[in-house]
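Source file: work25.cif. Holds: mmCIF, C-alpha atoms.
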data_final
loop_
_atom_site.label_atom_id
_atom_site.label_comp_id
_atom_site.auth_asym_id
_atom_site.auth_seq_id
_atom_site.Cartn_x
_atom_site.Cartn_y
_atom_site.Cartn_z
CA MET V 44 12.53 59.09 -91.63
CA LYS V 45 15.85 60.66 -90.63
CA VAL V 46 16.60 62.82 -87.61
CA ARG V 47 19.76 64.92 -87.50
CA VAL V 48 20.76 66.50 -84.19
CA LEU V 49 21.76 70.09 -84.90
CA GLY V 50 21.89 71.09 -81.25
CA CYS V 51 20.98 69.53 -77.91
CA SER V 52 22.75 71.56 -75.23
CA GLY V 53 21.10 73.49 -72.43
CA ALA V 54 23.36 76.49 -73.08
CA ILE V 55 26.09 77.68 -75.42
CA ALA V 56 29.83 77.06 -75.20
CA LYS V 57 32.47 75.85 -77.66
CA ASP V 58 30.94 72.96 -79.65
CA CYS V 59 27.66 73.32 -77.73
CA ARG V 60 24.54 74.24 -79.70
CA THR V 61 21.07 74.69 -78.27
CA THR V 62 18.10 72.53 -79.20
CA SER V 63 17.21 71.85 -82.81
CA PHE V 64 16.49 68.67 -84.77
CA LEU V 65 16.26 68.37 -88.55
CA VAL V 66 13.73 65.77 -89.69
CA ASN V 67 14.49 64.59 -93.22
CA ASP V 68 15.63 67.82 -94.89
CA ASN V 69 12.62 70.13 -94.60
CA ILE V 70 11.24 69.99 -91.05
CA LEU V 71 12.80 71.53 -87.95
CA ILE V 72 11.81 70.65 -84.43
CA ASP V 73 12.88 73.70 -82.45
CA ALA V 74 15.22 76.34 -83.82
CA GLY V 75 18.04 76.78 -81.34
CA THR V 76 21.56 77.87 -82.20
CA GLY V 77 22.37 74.54 -83.88
CA VAL V 78 20.51 75.75 -86.97
CA GLY V 79 23.42 78.10 -87.63
CA ASP V 80 25.63 75.16 -88.61
CA LEU V 81 23.45 74.39 -91.64
CA ALA V 82 24.59 75.51 -95.07
CA LEU V 83 22.49 78.21 -96.69
CA ASP V 84 20.96 75.74 -99.15
CA GLU V 85 20.05 73.40 -96.29
CA MET V 86 18.26 76.22 -94.48
CA ARG V 87 16.48 77.21 -97.68
CA ARG V 88 14.86 73.77 -97.89
CA ILE V 89 13.22 74.03 -94.46
CA ASP V 90 9.48 74.50 -95.00
CA HIS V 91 8.16 73.73 -91.50
CA VAL V 92 9.33 74.59 -87.99
CA PHE V 93 7.68 72.90 -85.00
CA LEU V 94 8.43 74.72 -81.75
CA THR V 95 8.17 73.17 -78.30
CA HIS V 96 7.98 76.54 -76.52
CA SER V 97 9.09 80.16 -76.62
CA HIS V 98 12.29 80.12 -74.55
CA LEU V 99 15.29 81.68 -76.28
CA ASP V 100 17.43 78.55 -76.50
CA HIS V 101 14.69 76.92 -78.60
CA ILE V 102 13.89 79.83 -80.94
CA ALA V 103 17.13 81.85 -81.13
CA ALA V 104 18.01 80.94 -84.73
CA LEU V 105 14.50 81.29 -86.15
CA PRO V 106 14.60 85.04 -86.91
CA LEU V 107 18.15 84.83 -88.26
CA MET V 108 17.38 81.80 -90.44
CA LEU V 109 14.36 83.55 -91.94
CA ASP V 110 16.45 86.61 -92.67
CA ALA V 111 19.08 84.45 -94.37
CA VAL V 112 16.79 82.45 -96.68
CA SER V 113 13.57 84.40 -97.26
CA SER V 114 14.83 86.00 -100.48
CA LEU V 115 15.72 82.51 -101.77
CA ARG V 116 12.25 81.04 -101.18
CA SER V 117 8.98 81.31 -103.05
CA SER V 118 6.70 80.33 -100.15
CA PRO V 119 6.50 81.23 -96.45
CA VAL V 120 8.04 79.07 -93.76
CA GLN V 121 5.27 77.51 -91.68
CA VAL V 122 5.86 77.88 -87.93
CA HIS V 123 3.77 75.42 -85.91
CA ALA V 124 3.36 76.18 -82.21
CA LEU V 125 0.93 76.49 -79.34
CA PRO V 126 -1.14 79.70 -79.40
CA GLY V 127 0.76 80.91 -76.34
CA THR V 128 4.08 80.39 -78.09
CA ILE V 129 2.87 82.22 -81.18
CA ALA V 130 1.68 85.12 -79.02
CA ALA V 131 5.11 85.30 -77.35
CA LEU V 132 6.89 85.37 -80.73
CA GLN V 133 4.60 88.12 -81.98
CA ALA V 134 4.92 90.23 -78.83
CA HIS V 135 8.61 89.79 -78.06
CA VAL V 136 10.53 88.76 -81.19
CA PHE V 137 8.80 89.54 -84.49
CA ASN V 138 7.52 92.87 -83.16
CA ASN V 139 9.37 95.36 -85.40
CA VAL V 140 11.56 96.26 -82.42
CA ILE V 141 13.65 93.17 -81.72
CA TRP V 142 13.12 91.86 -85.28
CA PRO V 143 10.88 92.70 -88.25
CA ASP V 144 7.44 91.13 -88.36
CA PHE V 145 8.15 88.48 -90.98
CA SER V 146 4.49 87.47 -90.97
CA SER V 147 3.62 90.74 -92.74
CA ILE V 148 6.61 91.33 -95.03
CA PRO V 149 7.16 91.73 -97.87
CA THR V 150 3.32 91.79 -97.90
CA SER V 151 0.61 90.40 -95.65
CA ASP V 152 -0.61 88.28 -98.60
CA GLN V 153 2.83 86.82 -99.34
CA PRO V 154 4.79 86.87 -96.09
CA PHE V 155 8.08 85.19 -95.25
CA LEU V 156 6.49 83.49 -92.22
CA GLN V 157 3.08 82.01 -91.45
CA TYR V 158 1.94 80.79 -88.04
CA GLN V 159 0.03 77.54 -87.61
CA ALA V 160 -1.53 76.98 -84.19
CA ILE V 161 -1.33 73.45 -82.76
CA SER V 162 -2.77 71.78 -79.67
CA VAL V 163 -1.73 68.96 -77.36
CA GLY V 164 -2.86 65.60 -78.70
CA GLU V 165 -3.11 66.85 -82.28
CA ARG V 166 -1.86 64.54 -85.01
CA LEU V 167 -0.47 66.08 -88.16
CA HIS V 168 0.67 64.81 -91.55
CA VAL V 169 3.28 67.18 -92.99
CA GLU V 170 5.45 66.56 -96.07
CA GLY V 171 4.84 62.81 -95.77
CA VAL V 172 5.75 62.78 -92.05
CA HIS V 173 3.34 61.88 -89.25
CA LEU V 174 3.75 63.91 -86.05
CA GLU V 175 1.88 63.99 -82.76
CA VAL V 176 1.91 66.86 -80.26
CA LEU V 177 2.71 65.57 -76.75
CA PRO V 178 2.11 67.26 -73.38
CA ALA V 179 4.92 68.99 -71.51
CA VAL V 180 4.96 70.73 -68.12
CA HIS V 181 7.08 73.88 -68.16
CA THR V 182 7.12 77.50 -66.99
CA VAL V 183 5.57 78.65 -70.28
CA PRO V 184 3.14 76.84 -72.61
CA ALA V 185 5.11 73.87 -73.94
CA VAL V 186 4.86 70.57 -75.78
CA GLY V 187 6.93 67.62 -76.88
CA TYR V 188 6.67 65.75 -80.16
CA ALA V 189 6.48 62.20 -81.47
CA VAL V 190 7.48 61.53 -85.09
CA ALA V 191 6.64 58.28 -86.85
CA GLY V 192 9.21 56.31 -88.79
CA SER V 193 8.88 52.97 -90.53
CA SER V 194 10.28 51.13 -87.49
CA GLY V 195 8.51 53.09 -84.74
CA TRP V 196 8.24 56.52 -83.16
CA TRP V 197 10.97 59.01 -82.30
CA VAL V 198 9.81 60.79 -79.14
CA PHE V 199 11.12 64.11 -77.78
CA SER V 200 10.00 65.31 -74.35
CA GLY V 201 10.77 68.98 -74.91
CA ASP V 202 11.55 70.96 -71.75
CA THR V 203 9.47 69.50 -68.95
CA GLY V 204 9.18 68.75 -65.29
CA ARG V 205 7.26 65.81 -63.86
CA ASN V 206 4.76 64.81 -66.55
CA PRO V 207 2.46 61.79 -66.02
CA ASP V 208 0.35 62.57 -69.10
CA PHE V 209 3.46 62.31 -71.27
CA TRP V 210 4.18 58.78 -70.05
CA GLN V 211 0.60 57.70 -70.51
CA ARG V 212 0.90 58.50 -74.20
CA VAL V 213 4.47 57.18 -74.57
CA ASN V 214 3.40 53.84 -73.14
CA ALA V 215 0.75 53.59 -75.85
CA LEU V 216 3.21 54.20 -78.71
CA PRO V 217 5.71 51.80 -80.34
CA VAL V 218 8.69 53.95 -79.36
CA THR V 219 11.96 53.37 -81.20
CA MET V 220 13.93 56.15 -79.49
CA LEU V 221 13.22 58.48 -76.57
CA VAL V 222 14.97 61.86 -76.25
CA ILE V 223 14.40 63.34 -72.80
CA GLU V 224 15.78 66.39 -71.09
CA THR V 225 17.84 66.42 -67.90
CA ALA V 226 18.92 70.01 -67.52
CA PHE V 227 20.43 70.00 -64.03
CA SER V 228 22.48 67.75 -61.76
CA ASN V 229 21.11 66.50 -58.45
CA ARG V 230 22.87 69.29 -56.56
CA GLU V 231 20.60 71.67 -58.52
CA THR V 232 17.41 69.68 -57.90
CA ALA V 233 15.66 72.60 -56.21
CA LEU V 234 16.40 74.86 -59.18
CA ALA V 235 15.28 72.13 -61.58
CA GLN V 236 11.97 71.81 -59.77
CA ARG V 237 11.47 75.58 -59.66
CA SER V 238 12.18 75.96 -63.39
CA LEU V 239 10.25 72.78 -64.29
CA HIS V 240 13.18 70.80 -65.62
CA LEU V 241 14.44 67.35 -64.70
CA SER V 242 17.49 66.31 -62.70
CA PRO V 243 18.77 62.71 -62.53
CA HIS V 244 16.73 62.17 -59.35
CA THR V 245 13.46 63.17 -60.98
CA LEU V 246 14.44 61.52 -64.28
CA ALA V 247 14.63 58.21 -62.41
CA GLN V 248 11.11 58.79 -61.09
CA GLU V 249 9.89 59.65 -64.59
CA LEU V 250 11.46 56.59 -66.24
CA ALA V 251 9.83 54.42 -63.60
CA GLN V 252 6.52 55.27 -65.30
CA LEU V 253 7.51 53.36 -68.44
CA THR V 254 5.54 50.16 -68.88
CA PRO V 255 7.64 47.28 -67.48
CA GLY V 256 9.42 45.53 -70.32
CA LYS V 257 9.08 48.51 -72.68
CA ARG V 258 12.61 48.93 -74.05
CA CYS V 259 14.13 51.53 -76.35
CA PRO V 260 17.32 53.59 -76.42
CA ILE V 261 17.02 56.69 -74.22
CA TYR V 262 19.06 59.78 -75.10
CA ILE V 263 19.67 62.58 -72.61
CA THR V 264 19.43 66.13 -73.94
CA HIS V 265 19.51 69.73 -72.67
CA THR V 266 22.33 69.23 -70.17
CA LYS V 267 24.16 72.34 -69.01
CA PRO V 268 27.70 72.26 -70.50
CA SER V 269 29.31 72.78 -67.09
CA GLU V 270 27.38 69.84 -65.61
CA THR V 271 27.12 67.32 -68.43
CA GLU V 272 29.69 64.86 -67.06
CA LEU V 273 28.20 65.03 -63.56
CA ILE V 274 24.64 64.62 -64.85
CA MET V 275 25.56 61.56 -66.90
CA GLU V 276 27.47 60.02 -63.99
CA GLU V 277 24.48 60.52 -61.71
CA ILE V 278 22.20 58.95 -64.32
CA ARG V 279 24.52 55.94 -64.70
CA ARG V 280 24.60 55.56 -60.93
CA PHE V 281 20.83 55.45 -60.44
CA ASP V 282 20.48 53.06 -63.36
CA GLN V 283 23.12 50.73 -61.91
CA ASN V 284 21.43 50.85 -58.51
CA ALA V 285 18.12 49.94 -60.14
CA GLY V 286 19.83 46.92 -61.68
CA LEU V 287 21.14 45.87 -58.27
CA ARG V 288 17.58 45.95 -56.95
CA GLY V 289 16.47 43.57 -59.69
CA ALA V 290 15.03 46.09 -62.13
CA ALA V 291 16.23 45.99 -65.73
CA PRO V 292 18.69 48.83 -66.43
CA HIS V 293 17.81 51.26 -69.15
CA ASP V 294 19.70 51.76 -72.40
CA ILE V 295 20.80 55.37 -71.74
CA TYR V 296 23.14 57.57 -73.80
CA TRP V 297 24.15 61.22 -73.96
CA LEU V 298 22.88 62.92 -77.11
CA LYS V 299 25.44 64.85 -79.17
CA ALA V 300 25.18 67.48 -81.88
CA GLY V 301 25.94 65.78 -85.19
CA ASP V 302 24.25 62.50 -84.25
CA GLU V 303 22.04 61.12 -87.01
CA PHE V 304 19.35 58.48 -86.71
CA GLU V 305 17.16 56.68 -89.24
CA PHE V 306 13.85 55.01 -88.39
#
Could you quickly redo this structure as structure tokens?
Amino acid sequence: MKVRVLGCSGAIAKDCRTTSFLVNDNILIDAGTGVGDLALDEMRRIDHVFLTHSHLDHIAALPLMLDAVSSLRSSPVQVHALPGTIAALQAHVFNNVIWPDFSSIPTSDQPFLQYQAISVGERLHVEGVHLEVLPAVHTVPAVGYAVAGSSGWWVFSGDTGRNPDFWQRVNALPVTMLVIETAFSNRETALAQRSLHLSPHTLAQELAQLTPGKRCPIYITHTKPSETELIMEEIRRFDQNAGLRGAAPHDIYWLKAGDEFEF
């Protein structure tokens, strides 16, 4: 199983693309602006899109991608999402005002897009890939995902605030890599809490819920471009302080668009 990071930024700027991961060559997890860097033939091969939630930075490229490739495909793209996310897409994006309703064109029997409702805790087998829907705590209905590879599970938190149920499940999985958001620096902790995102302070509290001795590389995603360096410095600082107190430091990195991983 291969994961290619198309975008992992919390906003746009030069060389910053919002959240999207390509699993193998036919599954997207989220459809942020990073999808726009794919070649047309690469987009054409995407059969499944798994959305974490309805916020624009995670769905922005979906309508444009469908418009680009629908005439090149013979089957609809399957969009997997929570019922609340599907309802938001139908009401606010594919509503024949902002964008055509691709779930009913060219015909309702043979549309360009089909919705597939998912639920937290559901396990799916799609195109030879095993996925599990993980809980997230956000301002709209939201999930994370775990994807199985031959050496363990790739886990993505999605956008989330404090989330004990997530860690309960993560601690039960053989995790090979954890991708977790930290959208704001500590100086924006109040805003992070209000918008149900993490800051380095709350990230430290979340990582403390990992089973002692459970080790895997941890990659930080969804940082605001203007705060990335500060966020990573604050994360390094709390991890170093944990080491001084006798706790094992974590193996933490900043995720970058263009990174590729194989499991």
Selection in question (the file shown): the PyMOL selection byres ((chain V and resi 190-200) around 8). Which residues does it include, as an mmCIF file with C-alpha atoms, keeping the file's coordinate frame?
data_model
loop_
_atom_site.group_PDB
_atom_site.id
_atom_site.type_symbol
_atom_site.label_atom_id
_atom_site.label_comp_id
_atom_site.auth_asym_id
_atom_site.auth_seq_id
_atom_site.Cartn_x
_atom_site.Cartn_y
_atom_site.Cartn_z
ATOM 1 C CA MET V 44 12.530 59.090 -91.630
ATOM 2 C CA VAL V 172 5.750 62.780 -92.050
ATOM 3 C CA HIS V 173 3.340 61.880 -89.250
ATOM 4 C CA LEU V 174 3.750 63.910 -86.050
ATOM 5 C CA GLU V 175 1.880 63.990 -82.760
ATOM 6 C CA LEU V 177 2.710 65.570 -76.750
ATOM 7 C CA ALA V 179 4.920 68.990 -71.510
ATOM 8 C CA VAL V 186 4.860 70.570 -75.780
ATOM 9 C CA GLY V 187 6.930 67.620 -76.880
ATOM 10 C CA TYR V 188 6.670 65.750 -80.160
ATOM 11 C CA ALA V 189 6.480 62.200 -81.470
ATOM 12 C CA GLY V 201 10.770 68.980 -74.910
ATOM 13 C CA ASP V 202 11.550 70.960 -71.750
ATOM 14 C CA THR V 203 9.470 69.500 -68.950
ATOM 15 C CA PHE V 209 3.460 62.310 -71.270
ATOM 16 C CA VAL V 213 4.470 57.180 -74.570
ATOM 17 C CA LEU V 216 3.210 54.200 -78.710
ATOM 18 C CA PRO V 217 5.710 51.800 -80.340
ATOM 19 C CA VAL V 218 8.690 53.950 -79.360
ATOM 20 C CA THR V 219 11.960 53.370 -81.200
ATOM 21 C CA MET V 220 13.930 56.150 -79.490
ATOM 22 C CA LEU V 221 13.220 58.480 -76.570
ATOM 23 C CA VAL V 222 14.970 61.860 -76.250
ATOM 24 C CA ILE V 223 14.400 63.340 -72.800
ATOM 25 C CA GLU V 224 15.780 66.390 -71.090
ATOM 26 C CA GLU V 305 17.160 56.680 -89.240
ATOM 27 C CA PHE V 306 13.850 55.010 -88.390
#
**Asked** To one decimal place, how far is CA of Thr232 (chain V) from CA of Ala103 (chain V) in Å?
**Response** 26.2 Å
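Proximity of V:Asp282, V:Glu249, V:Glu270, V:Asp302 to Trp210 (chain V), computed with all atoms listed in the file, is greatest for V:Glu249.
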Can you list, as a PDB file with C-alpha atoms, keeping the file's coordinate frame, the residues that the PyMOL selection byres ((chain V and resi 184) around 9) selects here?
ATOM      1  CA  THR V  95       8.170  73.170 -78.300  1.00  0.00           C
ATOM      2  CA  HIS V  96       7.980  76.540 -76.520  1.00  0.00           C
ATOM      3  CA  SER V  97       9.090  80.160 -76.620  1.00  0.00           C
ATOM      4  CA  LEU V 125       0.930  76.490 -79.340  1.00  0.00           C
ATOM      5  CA  PRO V 126      -1.140  79.700 -79.400  1.00  0.00           C
ATOM      6  CA  GLY V 127       0.760  80.910 -76.340  1.00  0.00           C
ATOM      7  CA  THR V 128       4.080  80.390 -78.090  1.00  0.00           C
ATOM      8  CA  ALA V 179       4.920  68.990 -71.510  1.00  0.00           C
ATOM      9  CA  VAL V 180       4.960  70.730 -68.120  1.00  0.00           C
ATOM     10  CA  HIS V 181       7.080  73.880 -68.160  1.00  0.00           C
ATOM     11  CA  THR V 182       7.120  77.500 -66.990  1.00  0.00           C
ATOM     12  CA  VAL V 183       5.570  78.650 -70.280  1.00  0.00           C
ATOM     13  CA  ALA V 185       5.110  73.870 -73.940  1.00  0.00           C
ATOM     14  CA  VAL V 186       4.860  70.570 -75.780  1.00  0.00           C
TER      15      VAL V 186
END
**Fill in**
Using only C-alpha atoms, the shortest atom-to-atom distance to Ala160 (chain V) among V:Arg237, V:Arg230, V:His135, V:His123 belongs to V:His123
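For the atom pair formed by CA of Leu253 (chain V) and CA of Thr266 (chain V), the distance is 21.8 Å, given to one decimal.
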